[in-house]
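Here is the structure we will look at, set down as structure tokens.
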2 protein chains.
Amino acid sequence: MAEKLEIPKGYRHTKQRKAILEILEKAEFPIHAEDIYLKLKENGMDISLSTIYRNLDMLTKEGLVVKSYMLGEDKARFALPDKKNYLVCEKCGKIVIIDNCPFDKFKEELVEVHGFDITGHSVEVYGVCPECKKTNVG
Amino acid sequence: MAEKLEIPKGYRHTKQRKAILEILEKAEFPIHAEDIYLKLKENGMDISLSTIYRNLDMLTKEGLVVKSYMLGEDKARFALPDKKNYLVCEKCGKIVIIDNCPFDKFKEELVEVHGFDITGHSVEVYGVCPECKKTNVG
DNA sequence: ATAGTTTTTGCAAATTATTTGCATTTGAAT
DNA sequence: ATTCAAATGCAAATAATTTGCAAAAACTAT
Ligand SMILES: [Mn+2]
Ligand SMILES: [Mn+2]
Ligand SMILES: [Zn+2]
Ligand SMILES: [Zn+2]
């Protein structure tokens, strides 16, 4: 089911670029530029943070990647588009992807009401995860 | 229908704080800290940007205000909670609030599937507004 | 109203994520 | 292999936001 992720036409296949995309593919939810930096460093790769930012930028502009900010955070996260709708636990920060985003069903309604052509959306839902409900009782 | 907006218990009623809240009440959609600064300056008020940031911070922590980042932007916006679900036009930047957010209907579904207690959500939908559809044809 | 106490403000300096300039390296095409 | 534009790394620059601290304003209790 995983869509084949290709470097956009016209851009070069550098090892840095490919490595960044691999990390994004493996990620389960939106991550920080620095997370990519650290994971690549773990993997023994020496890469510059600015290279990561520059690539995330171009991937975002090309529509391959989605940039977002999580509740209460002040630094951007990046993810493949299928990971952009999620639940966040306010207590522990756990993130769970919403697979079949129910919002899709409402596109028509929004189109009718507001007349927009809708090209995308992103949904952040926050609350308390099952584990934290048990633990943090009082 | 407009909820009465009160400065939280324990905080002082300063003219800066009240002025910031007024601007947020009048705003039709999420705005930048600096927008508040400029509007107050227009109104003849001399206020410090850091005062604005500090107040937005506390109002956000107290739950009176919601902080968000719009697609492609790199600075935070602030709004009263009833203005946090919106449509944005990718061409002209127009923002339209989604009044009866259809997402509410899916809380139950999400609760059942993921077991989260849901406390809130924010939805950003992007697309092209009616005007831009006409204008930017080719 | 006055005086005492605590919060809030303003300003300047600090911080932090992100961006940019530029010399060097690399990918891809011939 | 040669060529040339695109991409990288590093250091320096930006820009939004935060913070320290002394002065001012809001409350409280006289
Ligand atoms: Mn991180
Ligand atoms: Mn603005
Ligand atoms: Zn949790
Ligand atoms: Zn428009």
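Labels used: A, B, ... for chains in the order of the structure tokens, numbers from 1 for residues in each chain, and numbers from 1 for ligands as shown.
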
- Item | Contacts of ligand 4, 12 Å or closer, only C-alpha atoms (C1' of nucleotides) and all ligand atoms, given as an MDAnalysis selection string | (chainID A and resid 114:118) or (chainID B and resid 87:96 126:137)

- Do a neighbour search on DA5 in chain D at 12 Å with only C-alpha atoms (C1' of nucleotides), toss out local chain neighbours closer than 4 positions, and write the hits as a list in words. Gly10, Tyr11 and Arg12 of chain A; DT26, DG27, DA28 and DA29 of chain C

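With only C-alpha atoms (C1' of nucleotides) as the basis for measurement, B:His13 is the residue among B:Arg77, B:Lys67, B:His13, B:Lys84 that approaches chain C most closely.
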
- Task: Return as JSON, numbers by chain the residues of protein, DNA or RNA that approach ligand 2 to within 9 Å, with only C-alpha atoms (C1' of nucleotides) and all ligand atoms taken into account.
- Result: {"B": [31, 32, 33, 34, 35, 36, 75, 77]}

- Query: Would you give me, as a list in words, the residues in chain A that DSSP reads as strand (DSSP E)?
  - Reply: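 Here are the strand (DSSP E) residues of chain A: Ile31, His32, Val66, Lys67, Ser68, Arg77, Phe78, Ala79, Tyr86, Leu87, Val88, Cys89, Ile95, Val96, Ile97, Asp117, Ile118, Thr119, Gly120, His121, Ser122, Val123, Glu124, Val125, Tyr126, Gly127 and Val128 of chain A.
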
- Give me every helix (DSSP H, G or I) residue in range 89-124 of chain B, going by DSSP on the backbone, as a count of residues only. 13

- Message: I need the contact residues of chain C against chain B, so if you could list those with any atom within 12 Å, counting only C-alpha atoms (C1' of nucleotides), and return them as a VMD selection string, that would help.
- Response: chain C and resid 6 to 12 17 to 19
